[in-house]
>>> print(open('structure26.pdb').read())   # PDB, N, CA and C atoms, pLDDT in the B column
ATOM      1  N   MET A 120     123.846 114.529  82.798  1.00 87.00           N
ATOM      2  CA  MET A 120     124.315 114.151  81.482  1.00 87.00           C
ATOM      3  C   MET A 120     125.691 113.494  81.582  1.00 87.00           C
ATOM      4  N   GLU A 121     126.551 114.051  82.442  1.00 87.00           N
ATOM      5  CA  GLU A 121     127.895 113.494  82.589  1.00 87.00           C
ATOM      6  C   GLU A 121     127.857 112.078  83.148  1.00 87.00           C
ATOM      7  N   SER A 122     126.934 111.821  84.070  1.00 86.00           N
ATOM      8  CA  SER A 122     126.818 110.486  84.658  1.00 86.00           C
ATOM      9  C   SER A 122     126.381 109.465  83.618  1.00 86.00           C
ATOM     10  N   CYS A 123     125.500 109.868  82.731  1.00 89.00           N
ATOM     11  CA  CYS A 123     125.048 108.969  81.667  1.00 89.00           C
ATOM     12  C   CYS A 123     126.205 108.621  80.732  1.00 89.00           C
ATOM     13  N   HIS A 124     126.974 109.619  80.366  1.00 88.00           N
ATOM     14  CA  HIS A 124     128.105 109.380  79.472  1.00 88.00           C
ATOM     15  C   HIS A 124     129.171 108.539  80.178  1.00 88.00           C
ATOM     16  N   ALA A 125     129.371 108.762  81.476  1.00 90.00           N
ATOM     17  CA  ALA A 125     130.334 107.964  82.234  1.00 90.00           C
ATOM     18  C   ALA A 125     129.895 106.509  82.320  1.00 90.00           C
ATOM     19  N   ALA A 126     128.586 106.262  82.313  1.00 87.00           N
ATOM     20  CA  ALA A 126     128.058 104.894  82.352  1.00 87.00           C
ATOM     21  C   ALA A 126     128.009 104.262  80.961  1.00 87.00           C
ATOM     22  N   GLY A 127     128.418 105.013  79.950  1.00 89.00           N
ATOM     23  CA  GLY A 127     128.417 104.490  78.585  1.00 89.00           C
ATOM     24  C   GLY A 127     127.054 104.533  77.922  1.00 89.00           C
ATOM     25  N   GLN A 128     126.177 105.422  78.388  1.00 90.00           N
ATOM     26  CA  GLN A 128     124.825 105.537  77.842  1.00 90.00           C
ATOM     27  C   GLN A 128     124.639 106.911  77.205  1.00 90.00           C
ATOM     28  N   THR A 129     123.699 106.980  76.281  1.00 89.00           N
ATOM     29  CA  THR A 129     123.372 108.262  75.670  1.00 89.00           C
ATOM     30  C   THR A 129     122.393 109.010  76.575  1.00 89.00           C
ATOM     31  N   TYR A 130     122.420 110.299  76.514  1.00 89.00           N
ATOM     32  CA  TYR A 130     121.545 111.156  77.313  1.00 89.00           C
ATOM     33  C   TYR A 130     120.458 111.706  76.404  1.00 89.00           C
ATOM     34  N   ASP A 131     119.205 111.435  76.734  1.00 88.00           N
ATOM     35  CA  ASP A 131     118.068 111.851  75.911  1.00 88.00           C
ATOM     36  C   ASP A 131     117.309 112.962  76.637  1.00 88.00           C
ATOM     37  N   GLN A 132     117.609 114.207  76.291  1.00 88.00           N
ATOM     38  CA  GLN A 132     116.979 115.363  76.939  1.00 88.00           C
ATOM     39  C   GLN A 132     115.477 115.412  76.662  1.00 88.00           C
ATOM     40  N   ALA A 133     115.058 115.023  75.483  1.00 90.00           N
ATOM     41  CA  ALA A 133     113.623 115.033  75.146  1.00 90.00           C
ATOM     42  C   ALA A 133     112.861 114.044  76.025  1.00 90.00           C
ATOM     43  N   TYR A 134     113.451 112.870  76.288  1.00 88.00           N
ATOM     44  CA  TYR A 134     112.803 111.888  77.171  1.00 88.00           C
ATOM     45  C   TYR A 134     112.692 112.440  78.585  1.00 88.00           C
ATOM     46  N   ARG A 135     113.750 113.052  79.079  1.00 83.00           N
ATOM     47  CA  ARG A 135     113.729 113.600  80.435  1.00 83.00           C
ATOM     48  C   ARG A 135     112.730 114.748  80.554  1.00 83.00           C
ATOM     49  N   ASP A 136     112.619 115.576  79.554  1.00 84.00           N
ATOM     50  CA  ASP A 136     111.635 116.672  79.579  1.00 84.00           C
ATOM     51  C   ASP A 136     110.207 116.126  79.571  1.00 84.00           C
ATOM     52  N   ALA A 137     109.970 115.072  78.797  1.00 87.00           N
ATOM     53  CA  ALA A 137     108.636 114.495  78.701  1.00 87.00           C
ATOM     54  C   ALA A 137     108.229 113.778  80.000  1.00 87.00           C
ATOM     55  N   ASN A 138     109.197 113.308  80.772  1.00 82.00           N
ATOM     56  CA  ASN A 138     108.933 112.562  82.008  1.00 82.00           C
ATOM     57  C   ASN A 138     109.451 113.309  83.233  1.00 82.00           C
ATOM     58  N   PHE A 139     109.289 114.603  83.249  1.00 82.00           N
ATOM     59  CA  PHE A 139     109.828 115.428  84.329  1.00 82.00           C
ATOM     60  C   PHE A 139     109.249 115.052  85.693  1.00 82.00           C
ATOM     61  N   ASP A 140     107.972 114.689  85.743  1.00 81.00           N
ATOM     62  CA  ASP A 140     107.332 114.333  87.016  1.00 81.00           C
ATOM     63  C   ASP A 140     108.010 113.137  87.684  1.00 81.00           C
ATOM     64  N   GLU A 141     108.554 112.260  86.901  1.00 79.00           N
ATOM     65  CA  GLU A 141     109.219 111.066  87.429  1.00 79.00           C
ATOM     66  C   GLU A 141     110.458 111.434  88.253  1.00 79.00           C
ATOM     67  N   TYR A 142     111.111 112.516  87.911  1.00 75.00           N
ATOM     68  CA  TYR A 142     112.355 112.894  88.585  1.00 75.00           C
ATOM     69  C   TYR A 142     112.126 113.797  89.787  1.00 75.00           C
ATOM     70  N   THR A 143     110.939 114.327  89.938  1.00 78.00           N
ATOM     71  CA  THR A 143     110.663 115.233  91.050  1.00 78.00           C
ATOM     72  C   THR A 143     109.983 114.539  92.219  1.00 78.00           C
ATOM     73  N   GLN A 144     109.609 113.265  92.084  1.00 82.00           N
ATOM     74  CA  GLN A 144     108.971 112.555  93.183  1.00 82.00           C
ATOM     75  C   GLN A 144     110.030 111.954  94.106  1.00 82.00           C
ATOM     76  N   TRP A 145     109.635 111.748  95.358  1.00 82.00           N
ATOM     77  CA  TRP A 145     110.558 111.226  96.362  1.00 82.00           C
ATOM     78  C   TRP A 145     110.759 109.727  96.252  1.00 82.00           C
ATOM     79  N   PHE A 146     109.711 109.010  95.868  1.00 86.00           N
ATOM     80  CA  PHE A 146     109.815 107.560  95.793  1.00 86.00           C
ATOM     81  C   PHE A 146     108.927 107.048  94.687  1.00 86.00           C
ATOM     82  N   PRO A 147     109.308 106.119  93.913  1.00 88.00           N
ATOM     83  CA  PRO A 147     110.607 105.462  93.848  1.00 88.00           C
ATOM     84  C   PRO A 147     111.638 106.363  93.165  1.00 88.00           C
ATOM     85  N   LEU A 148     112.882 106.144  93.501  1.00 87.00           N
ATOM     86  CA  LEU A 148     113.959 106.951  92.933  1.00 87.00           C
ATOM     87  C   LEU A 148     114.273 106.479  91.516  1.00 87.00           C
ATOM     88  N   HIS A 149     114.435 107.436  90.629  1.00 86.00           N
ATOM     89  CA  HIS A 149     114.829 107.160  89.246  1.00 86.00           C
ATOM     90  C   HIS A 149     115.732 108.287  88.769  1.00 86.00           C
ATOM     91  N   ASP A 150     116.657 107.950  87.931  1.00 86.00           N
ATOM     92  CA  ASP A 150     117.471 108.934  87.221  1.00 86.00           C
ATOM     93  C   ASP A 150     117.837 108.304  85.884  1.00 86.00           C
ATOM     94  N   LYS A 151     116.903 108.388  84.957  1.00 88.00           N
ATOM     95  CA  LYS A 151     117.063 107.703  83.678  1.00 88.00           C
ATOM     96  C   LYS A 151     117.780 108.571  82.662  1.00 88.00           C
ATOM     97  N   CYS A 152     118.692 107.929  81.957  1.00 88.00           N
ATOM     98  CA  CYS A 152     119.368 108.594  80.843  1.00 88.00           C
ATOM     99  C   CYS A 152     118.466 108.609  79.616  1.00 88.00           C
ATOM    100  N   HIS A 153     117.773 107.509  79.426  1.00 89.00           N
ATOM    101  CA  HIS A 153     116.800 107.346  78.343  1.00 89.00           C
ATOM    102  C   HIS A 153     115.813 106.277  78.783  1.00 89.00           C
ATOM    103  N   ALA A 154     114.879 105.909  77.955  1.00 85.00           N
ATOM    104  CA  ALA A 154     113.807 104.988  78.352  1.00 85.00           C
ATOM    105  C   ALA A 154     114.317 103.623  78.798  1.00 85.00           C
ATOM    106  N   GLY A 155     115.485 103.223  78.358  1.00 86.00           N
ATOM    107  CA  GLY A 155     115.967 101.880  78.652  1.00 86.00           C
ATOM    108  C   GLY A 155     117.052 101.783  79.703  1.00 86.00           C
ATOM    109  N   TYR A 156     117.478 102.883  80.305  1.00 89.00           N
ATOM    110  CA  TYR A 156     118.591 102.810  81.266  1.00 89.00           C
ATOM    111  C   TYR A 156     118.358 103.759  82.435  1.00 89.00           C
ATOM    112  N   ASP A 157     118.428 103.197  83.644  1.00 87.00           N
ATOM    113  CA  ASP A 157     118.247 103.965  84.872  1.00 87.00           C
ATOM    114  C   ASP A 157     119.562 103.952  85.638  1.00 87.00           C
ATOM    115  N   LEU A 158     120.033 105.116  86.056  1.00 88.00           N
ATOM    116  CA  LEU A 158     121.272 105.197  86.819  1.00 88.00           C
ATOM    117  C   LEU A 158     121.116 104.680  88.252  1.00 88.00           C
ATOM    118  N   VAL A 159     119.893 104.667  88.778  1.00 88.00           N
ATOM    119  CA  VAL A 159     119.646 104.167  90.128  1.00 88.00           C
ATOM    120  C   VAL A 159     119.536 102.643  90.052  1.00 88.00           C
ATOM    121  N   PRO A 160     120.409 101.915  90.769  1.00 91.00           N
ATOM    122  CA  PRO A 160     120.352 100.450  90.714  1.00 91.00           C
ATOM    123  C   PRO A 160     119.021  99.909  91.235  1.00 91.00           C
ATOM    124  N   GLY A 161     118.657  98.737  90.786  1.00 90.00           N
ATOM    125  CA  GLY A 161     117.383  98.139  91.141  1.00 90.00           C
ATOM    126  C   GLY A 161     117.222  97.803  92.610  1.00 90.00           C
ATOM    127  N   TRP A 162     118.305  97.646  93.350  1.00 95.00           N
ATOM    128  CA  TRP A 162     118.217  97.274  94.762  1.00 95.00           C
ATOM    129  C   TRP A 162     117.985  98.472  95.679  1.00 95.00           C
ATOM    130  N   VAL A 163     118.138  99.682  95.181  1.00 93.00           N
ATOM    131  CA  VAL A 163     118.047 100.870  96.033  1.00 93.00           C
ATOM    132  C   VAL A 163     116.640 101.086  96.568  1.00 93.00           C
ATOM    133  N   ASN A 164     115.627 101.030  95.726  1.00 93.00           N
ATOM    134  CA  ASN A 164     114.257 101.291  96.175  1.00 93.00           C
ATOM    135  C   ASN A 164     113.756 100.253  97.189  1.00 93.00           C
ATOM    136  N   PRO A 165     113.988  98.945  96.984  1.00 95.00           N
ATOM    137  CA  PRO A 165     113.595  98.002  98.039  1.00 95.00           C
ATOM    138  C   PRO A 165     114.368  98.232  99.346  1.00 95.00           C
ATOM    139  N   ALA A 166     115.618  98.626  99.243  1.00 96.00           N
ATOM    140  CA  ALA A 166     116.411  98.888 100.449  1.00 96.00           C
ATOM    141  C   ALA A 166     115.864 100.085 101.220  1.00 96.00           C
ATOM    142  N   LEU A 167     115.300 101.066 100.508  1.00 94.00           N
ATOM    143  CA  LEU A 167     114.716 102.228 101.181  1.00 94.00           C
ATOM    144  C   LEU A 167     113.485 101.857 101.983  1.00 94.00           C
ATOM    145  N   ILE A 168     112.869 100.742 101.684  1.00 95.00           N
ATOM    146  CA  ILE A 168     111.734 100.245 102.466  1.00 95.00           C
ATOM    147  C   ILE A 168     112.229  99.298 103.555  1.00 95.00           C
ATOM    148  N   PHE A 169     113.080  98.360 103.194  1.00 97.00           N
ATOM    149  CA  PHE A 169     113.526  97.307 104.097  1.00 97.00           C
ATOM    150  C   PHE A 169     114.325  97.847 105.292  1.00 97.00           C
ATOM    151  N   LEU A 170     115.259  98.745 105.063  1.00 97.00           N
ATOM    152  CA  LEU A 170     116.136  99.211 106.141  1.00 97.00           C
ATOM    153  C   LEU A 170     115.398  99.969 107.244  1.00 97.00           C
ATOM    154  N   PRO A 171     114.500 100.912 106.941  1.00 97.00           N
ATOM    155  CA  PRO A 171     113.748 101.552 108.033  1.00 97.00           C
ATOM    156  C   PRO A 171     112.835 100.588 108.784  1.00 97.00           C
ATOM    157  N   VAL A 172     112.243  99.638 108.076  1.00 98.00           N
ATOM    158  CA  VAL A 172     111.394  98.641 108.742  1.00 98.00           C
ATOM    159  C   VAL A 172     112.232  97.810 109.710  1.00 98.00           C
ATOM    160  N   MET A 173     113.403  97.395 109.277  1.00 98.00           N
ATOM    161  CA  MET A 173     114.286  96.621 110.152  1.00 98.00           C
ATOM    162  C   MET A 173     114.779  97.465 111.320  1.00 98.00           C
ATOM    163  N   ALA A 174     115.038  98.738 111.104  1.00 98.00           N
ATOM    164  CA  ALA A 174     115.469  99.613 112.195  1.00 98.00           C
ATOM    165  C   ALA A 174     114.369  99.740 113.244  1.00 98.00           C
ATOM    166  N   LEU A 175     113.127  99.877 112.819  1.00 98.00           N
ATOM    167  CA  LEU A 175     112.008  99.941 113.763  1.00 98.00           C
ATOM    168  C   LEU A 175     111.836  98.630 114.516  1.00 98.00           C
ATOM    169  N   ALA A 176     112.012  97.514 113.832  1.00 98.00           N
ATOM    170  CA  ALA A 176     111.908  96.211 114.489  1.00 98.00           C
ATOM    171  C   ALA A 176     113.006  96.049 115.539  1.00 98.00           C
ATOM    172  N   CYS A 177     114.201  96.473 115.222  1.00 98.00           N
ATOM    173  CA  CYS A 177     115.314  96.393 116.182  1.00 98.00           C
ATOM    174  C   CYS A 177     115.060  97.310 117.374  1.00 98.00           C
ATOM    175  N   LEU A 178     114.538  98.484 117.129  1.00 98.00           N
ATOM    176  CA  LEU A 178     114.223  99.405 118.214  1.00 98.00           C
ATOM    177  C   LEU A 178     113.147  98.821 119.125  1.00 98.00           C
ATOM    178  N   ALA A 179     112.111  98.244 118.545  1.00 98.00           N
ATOM    179  CA  ALA A 179     111.047  97.632 119.343  1.00 98.00           C
ATOM    180  C   ALA A 179     111.593  96.471 120.168  1.00 98.00           C
ATOM    181  N   TYR A 180     112.471  95.675 119.602  1.00 98.00           N
ATOM    182  CA  TYR A 180     113.058  94.552 120.328  1.00 98.00           C
ATOM    183  C   TYR A 180     113.961  95.050 121.457  1.00 98.00           C
ATOM    184  N   ALA A 181     114.705  96.117 121.220  1.00 98.00           N
ATOM    185  CA  ALA A 181     115.562  96.680 122.264  1.00 98.00           C
ATOM    186  C   ALA A 181     114.724  97.210 123.423  1.00 98.00           C
ATOM    187  N   VAL A 182     113.607  97.846 123.132  1.00 97.00           N
ATOM    188  CA  VAL A 182     112.709  98.332 124.193  1.00 97.00           C
ATOM    189  C   VAL A 182     112.154  97.148 124.966  1.00 97.00           C
ATOM    190  N   ARG A 183     111.763  96.100 124.266  1.00 96.00           N
ATOM    191  CA  ARG A 183     111.246  94.903 124.929  1.00 96.00           C
ATOM    192  C   ARG A 183     112.293  94.311 125.869  1.00 96.00           C
ATOM    193  N   LEU A 184     113.524  94.204 125.404  1.00 96.00           N
ATOM    194  CA  LEU A 184     114.591  93.667 126.248  1.00 96.00           C
ATOM    195  C   LEU A 184     114.848  94.553 127.462  1.00 96.00           C
ATOM    196  N   ALA A 185     114.776  95.863 127.276  1.00 95.00           N
ATOM    197  CA  ALA A 185     114.981  96.778 128.392  1.00 95.00           C
ATOM    198  C   ALA A 185     113.878  96.624 129.435  1.00 95.00           C
ATOM    199  N   VAL A 186     112.652  96.448 128.999  1.00 93.00           N
ATOM    200  CA  VAL A 186     111.530  96.252 129.921  1.00 93.00           C
ATOM    201  C   VAL A 186     111.704  94.938 130.680  1.00 93.00           C
ATOM    202  N   ILE A 187     112.084  93.888 129.978  1.00 91.00           N
ATOM    203  CA  ILE A 187     112.308  92.595 130.633  1.00 91.00           C
ATOM    204  C   ILE A 187     113.439  92.700 131.649  1.00 91.00           C
ATOM    205  N   HIS A 188     114.508  93.357 131.270  1.00 91.00           N
ATOM    206  CA  HIS A 188     115.656  93.529 132.173  1.00 91.00           C
ATOM    207  C   HIS A 188     115.249  94.310 133.425  1.00 91.00           C
ATOM    208  N   ARG A 189     114.443  95.323 133.244  1.00 89.00           N
ATOM    209  CA  ARG A 189     114.000  96.132 134.385  1.00 89.00           C
ATOM    210  C   ARG A 189     113.100  95.311 135.314  1.00 89.00           C
ATOM    211  N   ARG A 190     112.199  94.511 134.742  1.00 87.00           N
ATOM    212  CA  ARG A 190     111.317  93.674 135.555  1.00 87.00           C
ATOM    213  C   ARG A 190     112.109  92.623 136.338  1.00 87.00           C
ATOM    214  N   ILE A 191     113.106  92.046 135.709  1.00 86.00           N
ATOM    215  CA  ILE A 191     113.917  91.035 136.379  1.00 86.00           C
ATOM    216  C   ILE A 191     114.677  91.659 137.550  1.00 86.00           C
ATOM    217  N   ASN A 192     115.215  92.860 137.338  1.00 84.00           N
ATOM    218  CA  ASN A 192     115.966  93.533 138.409  1.00 84.00           C
ATOM    219  C   ASN A 192     115.063  93.942 139.558  1.00 84.00           C
ATOM    220  N   LYS A 193     113.783  94.238 139.306  1.00 82.00           N
ATOM    221  CA  LYS A 193     112.832  94.600 140.351  1.00 82.00           C
ATOM    222  C   LYS A 193     112.273  93.360 141.044  1.00 82.00           C
ATOM    223  N   GLY A 194     112.392  92.214 140.422  1.00 70.00           N
ATOM    224  CA  GLY A 194     111.821  91.007 140.994  1.00 70.00           C
ATOM    225  C   GLY A 194     110.397  90.761 140.620  1.00 70.00           C
ATOM    226  N   THR A 195     109.853  91.508 139.665  1.00 61.00           N
ATOM    227  CA  THR A 195     108.483  91.327 139.207  1.00 61.00           C
ATOM    228  C   THR A 195     108.426  90.096 138.311  1.00 61.00           C
ATOM    229  N   PRO A 196     107.504  89.180 138.556  1.00 64.00           N
ATOM    230  CA  PRO A 196     107.426  87.996 137.700  1.00 64.00           C
ATOM    231  C   PRO A 196     106.990  88.353 136.279  1.00 64.00           C
ATOM    232  N   LEU A 197     107.528  87.623 135.338  1.00 62.00           N
ATOM    233  CA  LEU A 197     107.181  87.834 133.926  1.00 62.00           C
ATOM    234  C   LEU A 197     105.902  87.080 133.592  1.00 62.00           C
ATOM    235  N   LYS A 198     105.060  87.697 132.786  1.00 67.00           N
ATOM    236  CA  LYS A 198     103.835  87.048 132.317  1.00 67.00           C
ATOM    237  C   LYS A 198     104.048  86.567 130.900  1.00 67.00           C
ATOM    238  N   SER A 199     103.566  85.414 130.575  1.00 58.00           N
ATOM    239  CA  SER A 199     103.733  84.860 129.223  1.00 58.00           C
ATOM    240  C   SER A 199     102.637  85.331 128.316  1.00 58.00           C
TER     241      SER A 199
END
>>> encode(input="structure26.pdb", output="structure tokens")
Amino acid sequence: MESCHAAGQTYDQAYRDANFDEYTQWFPLHDKCHAGYDLVPGWVNPALIFLPVMALACLAYAVRLAVIHRRINKGTPLKS
């Protein structure tokens, strides 16, 4: 309630009680003061998908580079 008032929005307890399931799920994140205002910015939910995907891609690329580096040091020819 304090966060809603700090954002300059009204806090609607009846709306939150009617939509309780929305606040107990893990994804997508929501924290609505009322039907028209969400305290969670719109970029947060896409970032929760994009950042782990990019982290996995970076990890896979690092493993690939390590394998290539190891093959080069052993003298094993690379296959295309």
>>> resolve_selection(input="structure26.pdb", expression="the PyMOL selection byres (((chain A and resi 147 and name CA) around 12) and name CA)", output="list of chain:residue names")
A:Asp140, A:Glu141, A:Tyr142, A:Thr143, A:Gln144, A:Trp145, A:Phe146, A:Leu148, A:His149, A:Asp150, A:Asp157, A:Val159, A:Pro160, A:Gly161, A:Trp162, A:Val163, A:Asn164, A:Pro165, A:Ala166, A:Leu167, A:Ile168
>>> select_by_dssp(input="structure26.pdb", residues="chain A", states="alpha helix (DSSP H)", output="PyMOL selection string")
chain A and resi 121-125+132-137+139-143+163-193
>>> write_last_selection(input="structure26.pdb", atoms="N, CA and C atoms", output="CSV table (one decimal), in the coordinates of the input")
chain,number,residue,atom,x,y,z
A,121,GLU,N,126.6,114.1,82.4
A,121,GLU,CA,127.9,113.5,82.6
A,121,GLU,C,127.9,112.1,83.1
A,122,SER,N,126.9,111.8,84.1
A,122,SER,CA,126.8,110.5,84.7
A,122,SER,C,126.4,109.5,83.6
A,123,CYS,N,125.5,109.9,82.7
A,123,CYS,CA,125.0,109.0,81.7
A,123,CYS,C,126.2,108.6,80.7
A,124,HIS,N,127.0,109.6,80.4
A,124,HIS,CA,128.1,109.4,79.5
A,124,HIS,C,129.2,108.5,80.2
A,125,ALA,N,129.4,108.8,81.5
A,125,ALA,CA,130.3,108.0,82.2
A,125,ALA,C,129.9,106.5,82.3
A,132,GLN,N,117.6,114.2,76.3
A,132,GLN,CA,117.0,115.4,76.9
A,132,GLN,C,115.5,115.4,76.7
A,133,ALA,N,115.1,115.0,75.5
A,133,ALA,CA,113.6,115.0,75.1
A,133,ALA,C,112.9,114.0,76.0
A,134,TYR,N,113.5,112.9,76.3
A,134,TYR,CA,112.8,111.9,77.2
A,134,TYR,C,112.7,112.4,78.6
A,135,ARG,N,113.8,113.1,79.1
A,135,ARG,CA,113.7,113.6,80.4
A,135,ARG,C,112.7,114.7,80.6
A,136,ASP,N,112.6,115.6,79.6
A,136,ASP,CA,111.6,116.7,79.6
A,136,ASP,C,110.2,116.1,79.6
A,137,ALA,N,110.0,115.1,78.8
A,137,ALA,CA,108.6,114.5,78.7
A,137,ALA,C,108.2,113.8,80.0
A,139,PHE,N,109.3,114.6,83.2
A,139,PHE,CA,109.8,115.4,84.3
A,139,PHE,C,109.2,115.1,85.7
A,140,ASP,N,108.0,114.7,85.7
A,140,ASP,CA,107.3,114.3,87.0
A,140,ASP,C,108.0,113.1,87.7
A,141,GLU,N,108.6,112.3,86.9
A,141,GLU,CA,109.2,111.1,87.4
A,141,GLU,C,110.5,111.4,88.3
A,142,TYR,N,111.1,112.5,87.9
A,142,TYR,CA,112.4,112.9,88.6
A,142,TYR,C,112.1,113.8,89.8
A,143,THR,N,110.9,114.3,89.9
A,143,THR,CA,110.7,115.2,91.0
A,143,THR,C,110.0,114.5,92.2
A,163,VAL,N,118.1,99.7,95.2
A,163,VAL,CA,118.0,100.9,96.0
A,163,VAL,C,116.6,101.1,96.6
A,164,ASN,N,115.6,101.0,95.7
A,164,ASN,CA,114.3,101.3,96.2
A,164,ASN,C,113.8,100.3,97.2
A,165,PRO,N,114.0,98.9,97.0
A,165,PRO,CA,113.6,98.0,98.0
A,165,PRO,C,114.4,98.2,99.3
A,166,ALA,N,115.6,98.6,99.2
A,166,ALA,CA,116.4,98.9,100.4
A,166,ALA,C,115.9,100.1,101.2
A,167,LEU,N,115.3,101.1,100.5
A,167,LEU,CA,114.7,102.2,101.2
A,167,LEU,C,113.5,101.9,102.0
A,168,ILE,N,112.9,100.7,101.7
A,168,ILE,CA,111.7,100.2,102.5
A,168,ILE,C,112.2,99.3,103.6
A,169,PHE,N,113.1,98.4,103.2
A,169,PHE,CA,113.5,97.3,104.1
A,169,PHE,C,114.3,97.8,105.3
A,170,LEU,N,115.3,98.7,105.1
A,170,LEU,CA,116.1,99.2,106.1
A,170,LEU,C,115.4,100.0,107.2
A,171,PRO,N,114.5,100.9,106.9
A,171,PRO,CA,113.7,101.6,108.0
A,171,PRO,C,112.8,100.6,108.8
A,172,VAL,N,112.2,99.6,108.1
A,172,VAL,CA,111.4,98.6,108.7
A,172,VAL,C,112.2,97.8,109.7
A,173,MET,N,113.4,97.4,109.3
A,173,MET,CA,114.3,96.6,110.2
A,173,MET,C,114.8,97.5,111.3
A,174,ALA,N,115.0,98.7,111.1
A,174,ALA,CA,115.5,99.6,112.2
A,174,ALA,C,114.4,99.7,113.2
A,175,LEU,N,113.1,99.9,112.8
A,175,LEU,CA,112.0,99.9,113.8
A,175,LEU,C,111.8,98.6,114.5
A,176,ALA,N,112.0,97.5,113.8
A,176,ALA,CA,111.9,96.2,114.5
A,176,ALA,C,113.0,96.0,115.5
A,177,CYS,N,114.2,96.5,115.2
A,177,CYS,CA,115.3,96.4,116.2
A,177,CYS,C,115.1,97.3,117.4
A,178,LEU,N,114.5,98.5,117.1
A,178,LEU,CA,114.2,99.4,118.2
A,178,LEU,C,113.1,98.8,119.1
A,179,ALA,N,112.1,98.2,118.5
A,179,ALA,CA,111.0,97.6,119.3
A,179,ALA,C,111.6,96.5,120.2
A,180,TYR,N,112.5,95.7,119.6
A,180,TYR,CA,113.1,94.6,120.3
A,180,TYR,C,114.0,95.0,121.5
A,181,ALA,N,114.7,96.1,121.2
A,181,ALA,CA,115.6,96.7,122.3
A,181,ALA,C,114.7,97.2,123.4
A,182,VAL,N,113.6,97.8,123.1
A,182,VAL,CA,112.7,98.3,124.2
A,182,VAL,C,112.2,97.1,125.0
A,183,ARG,N,111.8,96.1,124.3
A,183,ARG,CA,111.2,94.9,124.9
A,183,ARG,C,112.3,94.3,125.9
A,184,LEU,N,113.5,94.2,125.4
A,184,LEU,CA,114.6,93.7,126.2
A,184,LEU,C,114.8,94.6,127.5
A,185,ALA,N,114.8,95.9,127.3
A,185,ALA,CA,115.0,96.8,128.4
A,185,ALA,C,113.9,96.6,129.4
A,186,VAL,N,112.7,96.4,129.0
A,186,VAL,CA,111.5,96.3,129.9
A,186,VAL,C,111.7,94.9,130.7
A,187,ILE,N,112.1,93.9,130.0
A,187,ILE,CA,112.3,92.6,130.6
A,187,ILE,C,113.4,92.7,131.6
A,188,HIS,N,114.5,93.4,131.3
A,188,HIS,CA,115.7,93.5,132.2
A,188,HIS,C,115.2,94.3,133.4
A,189,ARG,N,114.4,95.3,133.2
A,189,ARG,CA,114.0,96.1,134.4
A,189,ARG,C,113.1,95.3,135.3
A,190,ARG,N,112.2,94.5,134.7
A,190,ARG,CA,111.3,93.7,135.6
A,190,ARG,C,112.1,92.6,136.3
A,191,ILE,N,113.1,92.0,135.7
A,191,ILE,CA,113.9,91.0,136.4
A,191,ILE,C,114.7,91.7,137.6
A,192,ASN,N,115.2,92.9,137.3
A,192,ASN,CA,116.0,93.5,138.4
A,192,ASN,C,115.1,93.9,139.6
A,193,LYS,N,113.8,94.2,139.3
A,193,LYS,CA,112.8,94.6,140.4
A,193,LYS,C,112.3,93.4,141.0
>>> select_by_dssp(input="structure26.pdb", residues="chain A", states="strand (DSSP E)", output="PyMOL selection string")
chain A and resi 151-153+156-157
>>> resolve_selection(input="structure26.pdb", expression="the PyMOL selection byres ((chain A and resi 130-135) around 6.5)", output="list in words")
Met120, Cys123, His124, Gln128, Thr129, Asp136, Ala137, Asn138, Phe139, Cys152, His153 and Ala154 of chain A
>>> atom_distance(input="structure26.pdb", atom1="atom C of Leu184 of chain A", atom2="atom N of Phe169 of chain A")
24.6 Å
>>> atom_distance(input="structure26.pdb", atom1="atom N of Tyr156 of chain A", atom2="atom C of Leu170 of chain A")
27.2 Å
>>> atom_distance(input="structure26.pdb", atom1="atom CA of Arg190 of chain A", atom2="atom C of Ala174 of chain A")
23.3 Å
